[in-house]
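Novice: Below is the file run.pdb, which contains PDB, C-alpha atoms.
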```pdb
ATOM      1  CA  MET P   1      52.849 -61.162  23.072  1.00  0.00           C
ATOM      2  CA  ASP P   2      55.955 -60.045  21.206  1.00  0.00           C
ATOM      3  CA  LEU P   3      56.038 -56.864  19.148  1.00  0.00           C
ATOM      4  CA  LYS P   4      55.746 -58.621  15.772  1.00  0.00           C
ATOM      5  CA  ASN P   5      52.625 -60.565  16.771  1.00  0.00           C
ATOM      6  CA  LYS P   6      51.095 -57.515  18.443  1.00  0.00           C
ATOM      7  CA  LYS P   7      51.652 -55.410  15.325  1.00  0.00           C
ATOM      8  CA  ASN P   8      50.084 -57.951  12.952  1.00  0.00           C
ATOM      9  CA  ARG P   9      47.260 -59.060  15.236  1.00  0.00           C
ATOM     10  CA  TRP P  10      44.587 -57.422  13.051  1.00  0.00           C
ATOM     11  CA  LYS P  11      46.316 -57.968   9.710  1.00  0.00           C
ATOM     12  CA  HIS P  12      44.781 -60.524   7.374  1.00  0.00           C
ATOM     13  CA  THR P  13      47.299 -63.162   6.416  1.00  0.00           C
ATOM     14  CA  LYS P  14      45.318 -64.776   3.636  1.00  0.00           C
ATOM     15  CA  PHE P  15      44.172 -63.246   0.357  1.00  0.00           C
ATOM     16  CA  LYS P  16      40.779 -64.896   0.773  1.00  0.00           C
ATOM     17  CA  GLN P  17      40.226 -63.042   4.072  1.00  0.00           C
ATOM     18  CA  SER P  18      41.212 -59.712   2.538  1.00  0.00           C
ATOM     19  CA  PHE P  19      38.972 -60.307  -0.463  1.00  0.00           C
ATOM     20  CA  TYR P  20      36.049 -61.262   1.789  1.00  0.00           C
ATOM     21  CA  HIS P  21      36.395 -58.107   3.886  1.00  0.00           C
ATOM     22  CA  ALA P  22      36.725 -55.916   0.786  1.00  0.00           C
ATOM     23  CA  CYS P  23      33.489 -57.406  -0.538  1.00  0.00           C
ATOM     24  CA  GLN P  24      31.849 -56.777   2.848  1.00  0.00           C
ATOM     25  CA  GLY P  25      32.906 -53.130   2.572  1.00  0.00           C
ATOM     26  CA  LEU P  26      31.307 -52.831  -0.859  1.00  0.00           C
ATOM     27  CA  LYS P  27      28.172 -54.574   0.405  1.00  0.00           C
ATOM     28  CA  THR P  28      27.984 -52.117   3.308  1.00  0.00           C
ATOM     29  CA  MET P  29      28.381 -49.189   0.916  1.00  0.00           C
ATOM     30  CA  MET P  30      25.593 -50.496  -1.313  1.00  0.00           C
ATOM     31  CA  GLY P  31      23.251 -50.973   1.634  1.00  0.00           C
ATOM     32  CA  GLU P  32      23.952 -47.738   3.477  1.00  0.00           C
ATOM     33  CA  GLU P  33      24.987 -45.094   0.954  1.00  0.00           C
ATOM     34  CA  ARG P  34      22.180 -43.633  -1.162  1.00  0.00           C
ATOM     35  CA  ASN P  35      24.616 -41.515  -3.200  1.00  0.00           C
ATOM     36  CA  LEU P  36      26.628 -44.572  -4.206  1.00  0.00           C
ATOM     37  CA  ARG P  37      23.469 -46.267  -5.438  1.00  0.00           C
ATOM     38  CA  PHE P  38      22.673 -43.150  -7.492  1.00  0.00           C
ATOM     39  CA  HIS P  39      26.189 -43.130  -8.982  1.00  0.00           C
ATOM     40  CA  LEU P  40      25.935 -46.836  -9.814  1.00  0.00           C
ATOM     41  CA  LEU P  41      22.586 -46.287 -11.531  1.00  0.00           C
ATOM     42  CA  ALA P  42      24.045 -43.423 -13.573  1.00  0.00           C
ATOM     43  CA  ALA P  43      27.069 -45.601 -14.402  1.00  0.00           C
ATOM     44  CA  ALA P  44      24.839 -48.455 -15.541  1.00  0.00           C
ATOM     45  CA  MET P  45      22.880 -46.103 -17.813  1.00  0.00           C
ATOM     46  CA  ALA P  46      26.130 -44.717 -19.282  1.00  0.00           C
ATOM     47  CA  LEU P  47      27.477 -48.233 -19.871  1.00  0.00           C
ATOM     48  CA  ILE P  48      24.259 -49.333 -21.566  1.00  0.00           C
ATOM     49  CA  LEU P  49      24.257 -46.218 -23.735  1.00  0.00           C
ATOM     50  CA  GLY P  50      27.909 -46.842 -24.576  1.00  0.00           C
ATOM     51  CA  TRP P  51      27.100 -50.393 -25.614  1.00  0.00           C
ATOM     52  CA  LEU P  52      24.177 -49.229 -27.758  1.00  0.00           C
ATOM     53  CA  LEU P  53      26.304 -46.537 -29.432  1.00  0.00           C
ATOM     54  CA  LYS P  54      29.226 -48.938 -29.999  1.00  0.00           C
ATOM     55  CA  LEU P  55      31.955 -46.857 -28.354  1.00  0.00           C
ATOM     56  CA  SER P  56      35.554 -47.170 -29.465  1.00  0.00           C
ATOM     57  CA  ALA P  57      38.174 -48.653 -27.145  1.00  0.00           C
ATOM     58  CA  GLY P  58      39.434 -45.180 -26.238  1.00  0.00           C
ATOM     59  CA  GLU P  59      35.941 -43.952 -25.457  1.00  0.00           C
ATOM     60  CA  TRP P  60      35.343 -47.007 -23.258  1.00  0.00           C
ATOM     61  CA  LEU P  61      38.539 -46.278 -21.357  1.00  0.00           C
ATOM     62  CA  TRP P  62      37.541 -42.655 -20.694  1.00  0.00           C
ATOM     63  CA  LEU P  63      34.037 -43.682 -19.694  1.00  0.00           C
ATOM     64  CA  CYS P  64      35.265 -46.400 -17.322  1.00  0.00           C
ATOM     65  CA  LEU P  65      37.915 -44.082 -15.866  1.00  0.00           C
ATOM     66  CA  SER P  66      35.358 -41.395 -15.084  1.00  0.00           C
ATOM     67  CA  ILE P  67      32.901 -43.899 -13.585  1.00  0.00           C
ATOM     68  CA  SER P  68      35.657 -45.432 -11.460  1.00  0.00           C
ATOM     69  CA  LEU P  69      36.798 -42.032 -10.186  1.00  0.00           C
ATOM     70  CA  VAL P  70      33.310 -41.108  -9.045  1.00  0.00           C
ATOM     71  CA  ILE P  71      32.722 -44.420  -7.277  1.00  0.00           C
ATOM     72  CA  ILE P  72      36.173 -44.472  -5.650  1.00  0.00           C
ATOM     73  CA  ASN P  73      35.765 -40.891  -4.454  1.00  0.00           C
ATOM     74  CA  GLU P  74      32.313 -41.704  -3.090  1.00  0.00           C
ATOM     75  CA  ILE P  75      33.823 -44.575  -1.105  1.00  0.00           C
ATOM     76  CA  TRP P  76      36.635 -42.359   0.242  1.00  0.00           C
ATOM     77  CA  ASN P  77      34.074 -39.692   1.116  1.00  0.00           C
ATOM     78  CA  THR P  78      32.196 -42.244   3.200  1.00  0.00           C
ATOM     79  CA  VAL P  79      35.427 -43.393   4.835  1.00  0.00           C
ATOM     80  CA  ALA P  80      36.245 -39.788   5.760  1.00  0.00           C
ATOM     81  CA  GLU P  81      32.750 -39.202   7.130  1.00  0.00           C
ATOM     82  CA  ASN P  82      32.911 -42.353   9.258  1.00  0.00           C
ATOM     83  CA  ILE P  83      36.344 -41.523  10.640  1.00  0.00           C
ATOM     84  CA  VAL P  84      35.289 -37.953  11.456  1.00  0.00           C
ATOM     85  CA  ASP P  85      32.144 -39.211  13.199  1.00  0.00           C
ATOM     86  CA  LEU P  86      34.182 -41.762  15.151  1.00  0.00           C
ATOM     87  CA  VAL P  87      36.780 -39.227  16.263  1.00  0.00           C
ATOM     88  CA  THR P  88      34.300 -36.473  17.151  1.00  0.00           C
ATOM     89  CA  ASP P  89      31.688 -38.831  18.629  1.00  0.00           C
ATOM     90  CA  TYR P  90      29.126 -36.955  16.489  1.00  0.00           C
ATOM     91  CA  GLN P  91      29.897 -33.647  18.189  1.00  0.00           C
ATOM     92  CA  TYR P  92      29.992 -30.575  15.963  1.00  0.00           C
ATOM     93  CA  SER P  93      33.448 -29.306  15.087  1.00  0.00           C
ATOM     94  CA  ILE P  94      34.396 -26.784  12.419  1.00  0.00           C
ATOM     95  CA  LEU P  95      37.379 -28.975  11.482  1.00  0.00           C
ATOM     96  CA  ALA P  96      35.120 -32.017  11.188  1.00  0.00           C
ATOM     97  CA  LYS P  97      32.792 -30.020   8.945  1.00  0.00           C
ATOM     98  CA  LYS P  98      35.708 -28.906   6.784  1.00  0.00           C
ATOM     99  CA  ALA P  99      36.994 -32.471   6.425  1.00  0.00           C
ATOM    100  CA  LYS P 100      33.569 -33.773   5.426  1.00  0.00           C
ATOM    101  CA  ASP P 101      32.981 -30.868   3.018  1.00  0.00           C
ATOM    102  CA  MET P 102      36.359 -31.401   1.348  1.00  0.00           C
ATOM    103  CA  ALA P 103      35.708 -35.118   0.895  1.00  0.00           C
ATOM    104  CA  ALA P 104      32.316 -34.305  -0.618  1.00  0.00           C
ATOM    105  CA  GLY P 105      34.017 -31.755  -2.864  1.00  0.00           C
ATOM    106  CA  ALA P 106      36.252 -34.498  -4.262  1.00  0.00           C
ATOM    107  CA  VAL P 107      33.159 -36.484  -5.216  1.00  0.00           C
ATOM    108  CA  LEU P 108      31.617 -33.401  -6.819  1.00  0.00           C
ATOM    109  CA  LEU P 109      34.739 -32.691  -8.881  1.00  0.00           C
ATOM    110  CA  SER P 110      34.943 -36.266 -10.103  1.00  0.00           C
ATOM    111  CA  ALA P 111      31.231 -36.186 -10.967  1.00  0.00           C
ATOM    112  CA  PHE P 112      31.786 -33.006 -13.023  1.00  0.00           C
ATOM    113  CA  PHE P 113      34.675 -34.743 -14.786  1.00  0.00           C
ATOM    114  CA  ALA P 114      32.415 -37.722 -15.525  1.00  0.00           C
ATOM    115  CA  LEU P 115      29.740 -35.394 -16.880  1.00  0.00           C
ATOM    116  CA  ILE P 116      32.242 -33.693 -19.194  1.00  0.00           C
ATOM    117  CA  VAL P 117      33.497 -37.077 -20.422  1.00  0.00           C
ATOM    118  CA  ALA P 118      29.912 -38.202 -21.043  1.00  0.00           C
ATOM    119  CA  LEU P 119      29.081 -35.018 -22.950  1.00  0.00           C
ATOM    120  CA  VAL P 120      32.211 -35.258 -25.111  1.00  0.00           C
ATOM    121  CA  ILE P 121      31.540 -38.912 -25.919  1.00  0.00           C
ATOM    122  CA  PHE P 122      27.758 -39.085 -26.176  1.00  0.00           C
ATOM    123  CA  VAL P 123      26.578 -35.730 -27.564  1.00  0.00           C
ATOM    124  CA  PRO P 124      28.267 -36.071 -30.988  1.00  0.00           C
ATOM    125  CA  LYS P 125      27.108 -39.680 -31.330  1.00  0.00           C
ATOM    126  CA  LEU P 126      23.537 -38.817 -30.377  1.00  0.00           C
ATOM    127  CA  CYS P 127      23.514 -35.801 -32.690  1.00  0.00           C
ATOM    128  CA  ASN P 128      24.571 -38.054 -35.566  1.00  0.00           C
ATOM    129  CA  LEU P 129      21.560 -40.280 -34.926  1.00  0.00           C
ATOM    130  CA  PHE P 130      19.090 -37.423 -35.443  1.00  0.00           C
TER     131      PHE P 130
END
```
As structure tokens - that is how I would like this structure written.
Specialist:
Amino acid sequence: MDLKNKKNRWKHTKFKQSFYHACQGLKTMMGEERNLRFHLLAAAMALILGWLLKLSAGEWLWLCLSISLVIINEIWNTVAENIVDLVTDYQYSILAKKAKDMAAGAVLLSAFFALIVALVIFVPKLCNLF
């Protein structure tokens, strides 16, 4: 096998294949990651509330940005955890712990950002209703 074929042996050559595997990754996340399901539930509630309160285009953009950041960071956190577990073979390592904690910290920071965005957008609108 020449170098070019060896290098691309695992690379998907068709968009359809790449799309299929990306969807499989999301399906795996939904089935295995409780925290992602929690974030998706919170996102759905925020989107429904946004629809009910008739958010402006700018508010929708901020809301969708914050939701996307949390979900993307949750996915990367899971990727980091899986890679660490693969490399360490589930053996305790202080460096593995640090890597997992830092990835979880990224999720926490993005969740705080999403909370701030939600408070800035929703609190004034809800106060105006009462």
Novice: Any chance you could tabulate, as JSON lines, the residues of stretch 64-107 of chain P at most 12 Å from stretch 9-28 of chain P with each one's nearest atom pair and distance in Å to one decimal, using all atoms listed in the file, in chain and rising number order?
Specialist:
```
{"residue": "P:Ile71", "atom": "CA", "partner": "P:Leu26", "partner_atom": "CA", "distance": 10.7}
{"residue": "P:Ile72", "atom": "CA", "partner": "P:Leu26", "partner_atom": "CA", "distance": 10.8}
{"residue": "P:Glu74", "atom": "CA", "partner": "P:Leu26", "partner_atom": "CA", "distance": 11.4}
{"residue": "P:Ile75", "atom": "CA", "partner": "P:Leu26", "partner_atom": "CA", "distance": 8.6}
{"residue": "P:Trp76", "atom": "CA", "partner": "P:Gly25", "partner_atom": "CA", "distance": 11.6}
{"residue": "P:Thr78", "atom": "CA", "partner": "P:Thr28", "partner_atom": "CA", "distance": 10.7}
{"residue": "P:Val79", "atom": "CA", "partner": "P:Gly25", "partner_atom": "CA", "distance": 10.3}
```
Novice: Using all atoms of stretch 104-118 of chain P listed in the file and a margin of 5 Å per side, can you give the axis-aligned box centre and edge lengths in Å to one decimal, as AutoDock Vina command-line options?
Specialist:
```
--center_x 33.0 --center_y -35.0 --center_z -10.8 --size_x 16.5 --size_y 16.4 --size_z 30.4
```
Novice: Take the PyMOL selection byres ((chain P and resi 54-61) around 12), apply it to the structure above, and return the hits as a list in words.
Specialist: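 Checking the PyMOL selection byres ((chain P and resi 54-61) around 12) against this file, the residues are Ala46, Leu47, Ile48, Leu49, Gly50, Trp51, Leu52, Leu53, Trp62, Leu63, Cys64, Leu65, Ser66, Ile67, Ser68, Val117, Ala118, Leu119, Val120, Ile121, Phe122, Pro124, Lys125 and Leu126 of chain P.
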Novice: Could you work out how far atom CA of P:Asn77 lies from atom CA of P:Ala103, giving the answer in Å with one decimal?
Specialist: 4.9 Å
Novice: Running the PyMOL selection byres ((chain P and resi 107) around 8) on this model by hand, what would come out? Give it as a compact mmCIF listing (two decimals) with C-alpha atoms, keeping the file's coordinate frame.
Specialist:
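Contents of the output file expr-v9.txt:
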```txt
# COMPACT_ATOMS: atom_id res chain seq x y z
CA VAL P 70 33.31 -41.11 -9.04
CA ASN P 73 35.76 -40.89 -4.45
CA GLU P 74 32.31 -41.70 -3.09
CA ASN P 77 34.07 -39.69 1.12
CA ALA P 103 35.71 -35.12 0.90
CA ALA P 104 32.32 -34.30 -0.62
CA GLY P 105 34.02 -31.76 -2.86
CA ALA P 106 36.25 -34.50 -4.26
CA LEU P 108 31.62 -33.40 -6.82
CA LEU P 109 34.74 -32.69 -8.88
CA SER P 110 34.94 -36.27 -10.10
CA ALA P 111 31.23 -36.19 -10.97
```
Novice: Quick one, how far is atom CA of P:Lys100 from atom CA of P:Ala80?
Specialist: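 Pair atom CA of P:Lys100 / atom CA of P:Ala80 returns 6.6 Å.
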Novice: How many Å separate atom CA of P:Ile116 from atom CA of P:Met29?
Specialist: 25.7 Å
Novice: Restricting the calculation to all atoms listed in the file: of P:Met30, P:Ala42, P:Leu129, P:Ala99, which residue gets closest to P:Asp85?
Specialist: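 Counting all atoms listed in the file, the residue closest to P:Asp85 is P:Ala99.
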Novice: What would stretch 66-92 of chain P look like with N, CA, C and O atoms in place, written as an mmCIF file, keeping the file's coordinate frame?
Specialist:
```cif
data_model
loop_
_atom_site.group_PDB
_atom_site.id
_atom_site.type_symbol
_atom_site.label_atom_id
_atom_site.label_comp_id
_atom_site.auth_asym_id
_atom_site.auth_seq_id
_atom_site.Cartn_x
_atom_site.Cartn_y
_atom_site.Cartn_z
ATOM 1 N N SER P 66 36.176 -42.402 -15.772
ATOM 2 C CA SER P 66 35.358 -41.395 -15.084
ATOM 3 C C SER P 66 34.380 -42.048 -14.111
ATOM 4 O O SER P 66 34.178 -41.546 -12.996
ATOM 5 N N ILE P 67 33.805 -43.177 -14.491
ATOM 6 C CA ILE P 67 32.901 -43.899 -13.585
ATOM 7 C C ILE P 67 33.673 -44.370 -12.348
ATOM 8 O O ILE P 67 33.216 -44.206 -11.213
ATOM 9 N N SER P 68 34.844 -44.935 -12.576
ATOM 10 C CA SER P 68 35.657 -45.432 -11.460
ATOM 11 C C SER P 68 36.040 -44.311 -10.510
ATOM 12 O O SER P 68 35.988 -44.489 -9.282
ATOM 13 N N LEU P 69 36.421 -43.155 -11.046
ATOM 14 C CA LEU P 69 36.798 -42.032 -10.186
ATOM 15 C C LEU P 69 35.647 -41.588 -9.288
ATOM 16 O O LEU P 69 35.848 -41.317 -8.101
ATOM 17 N N VAL P 70 34.465 -41.530 -9.844
ATOM 18 C CA VAL P 70 33.310 -41.108 -9.045
ATOM 19 C C VAL P 70 33.035 -42.121 -7.933
ATOM 20 O O VAL P 70 32.863 -41.751 -6.771
ATOM 21 N N ILE P 71 33.036 -43.389 -8.267
ATOM 22 C CA ILE P 71 32.722 -44.420 -7.277
ATOM 23 C C ILE P 71 33.813 -44.491 -6.203
ATOM 24 O O ILE P 71 33.514 -44.566 -5.005
ATOM 25 N N ILE P 72 35.070 -44.438 -6.616
ATOM 26 C CA ILE P 72 36.173 -44.472 -5.650
ATOM 27 C C ILE P 72 36.119 -43.260 -4.727
ATOM 28 O O ILE P 72 36.279 -43.382 -3.511
ATOM 29 N N ASN P 73 35.866 -42.089 -5.295
ATOM 30 C CA ASN P 73 35.765 -40.891 -4.454
ATOM 31 C C ASN P 73 34.561 -40.956 -3.520
ATOM 32 O O ASN P 73 34.632 -40.467 -2.380
ATOM 33 N N GLU P 74 33.482 -41.539 -3.965
ATOM 34 C CA GLU P 74 32.313 -41.704 -3.090
ATOM 35 C C GLU P 74 32.662 -42.623 -1.913
ATOM 36 O O GLU P 74 32.267 -42.366 -0.769
ATOM 37 N N ILE P 75 33.404 -43.671 -2.185
ATOM 38 C CA ILE P 75 33.823 -44.575 -1.105
ATOM 39 C C ILE P 75 34.746 -43.842 -0.128
ATOM 40 O O ILE P 75 34.559 -43.913 1.092
ATOM 41 N N TRP P 76 35.732 -43.105 -0.649
ATOM 42 C CA TRP P 76 36.635 -42.359 0.242
ATOM 43 C C TRP P 76 35.891 -41.272 1.020
ATOM 44 O O TRP P 76 36.228 -40.981 2.173
ATOM 45 N N ASN P 77 34.889 -40.670 0.411
ATOM 46 C CA ASN P 77 34.074 -39.692 1.116
ATOM 47 C C ASN P 77 33.388 -40.341 2.317
ATOM 48 O O ASN P 77 33.367 -39.786 3.417
ATOM 49 N N THR P 78 32.858 -41.528 2.110
ATOM 50 C CA THR P 78 32.196 -42.244 3.200
ATOM 51 C C THR P 78 33.194 -42.640 4.276
ATOM 52 O O THR P 78 32.889 -42.549 5.477
ATOM 53 N N VAL P 79 34.377 -43.061 3.861
ATOM 54 C CA VAL P 79 35.427 -43.393 4.835
ATOM 55 C C VAL P 79 35.742 -42.161 5.684
ATOM 56 O O VAL P 79 35.802 -42.240 6.925
ATOM 57 N N ALA P 80 35.934 -41.024 5.029
ATOM 58 C CA ALA P 80 36.245 -39.788 5.760
ATOM 59 C C ALA P 80 35.115 -39.428 6.727
ATOM 60 O O ALA P 80 35.366 -39.065 7.879
ATOM 61 N N GLU P 81 33.886 -39.526 6.264
ATOM 62 C CA GLU P 81 32.750 -39.202 7.130
ATOM 63 C C GLU P 81 32.707 -40.118 8.347
ATOM 64 O O GLU P 81 32.471 -39.662 9.469
ATOM 65 N N ASN P 82 32.936 -41.405 8.147
ATOM 66 C CA ASN P 82 32.911 -42.353 9.258
ATOM 67 C C ASN P 82 34.039 -42.100 10.251
ATOM 68 O O ASN P 82 33.828 -42.167 11.472
ATOM 69 N N ILE P 83 35.218 -41.801 9.747
ATOM 70 C CA ILE P 83 36.344 -41.523 10.640
ATOM 71 C C ILE P 83 36.086 -40.248 11.436
ATOM 72 O O ILE P 83 36.313 -40.205 12.646
ATOM 73 N N VAL P 84 35.590 -39.209 10.766
ATOM 74 C CA VAL P 84 35.289 -37.953 11.456
ATOM 75 C C VAL P 84 34.237 -38.187 12.537
ATOM 76 O O VAL P 84 34.378 -37.723 13.676
ATOM 77 N N ASP P 85 33.186 -38.930 12.207
ATOM 78 C CA ASP P 85 32.144 -39.211 13.199
ATOM 79 C C ASP P 85 32.696 -40.019 14.372
ATOM 80 O O ASP P 85 32.340 -39.776 15.531
ATOM 81 N N LEU P 86 33.577 -40.959 14.091
ATOM 82 C CA LEU P 86 34.182 -41.762 15.151
ATOM 83 C C LEU P 86 35.039 -40.903 16.071
ATOM 84 O O LEU P 86 34.927 -40.977 17.295
ATOM 85 N N VAL P 87 35.857 -40.057 15.479
ATOM 86 C CA VAL P 87 36.780 -39.227 16.263
ATOM 87 C C VAL P 87 36.031 -38.166 17.062
ATOM 88 O O VAL P 87 36.376 -37.880 18.213
ATOM 89 N N THR P 88 35.016 -37.562 16.475
ATOM 90 C CA THR P 88 34.300 -36.473 17.151
ATOM 91 C C THR P 88 33.139 -36.961 18.012
ATOM 92 O O THR P 88 32.527 -36.158 18.711
ATOM 93 N N ASP P 89 32.832 -38.265 17.924
ATOM 94 C CA ASP P 89 31.688 -38.831 18.629
ATOM 95 C C ASP P 89 30.411 -38.047 18.295
ATOM 96 O O ASP P 89 29.586 -37.744 19.159
ATOM 97 N N TYR P 90 30.284 -37.673 17.036
ATOM 98 C CA TYR P 90 29.126 -36.955 16.489
ATOM 99 C C TYR P 90 28.928 -35.560 17.080
ATOM 100 O O TYR P 90 27.848 -34.984 16.975
ATOM 101 N N GLN P 91 29.965 -35.010 17.666
ATOM 102 C CA GLN P 91 29.897 -33.647 18.189
ATOM 103 C C GLN P 91 30.335 -32.684 17.098
ATOM 104 O O GLN P 91 31.280 -32.961 16.364
ATOM 105 N N TYR P 92 29.663 -31.540 17.000
ATOM 106 C CA TYR P 92 29.992 -30.575 15.963
ATOM 107 C C TYR P 92 31.398 -30.013 16.182
ATOM 108 O O TYR P 92 31.796 -29.682 17.295
#
```
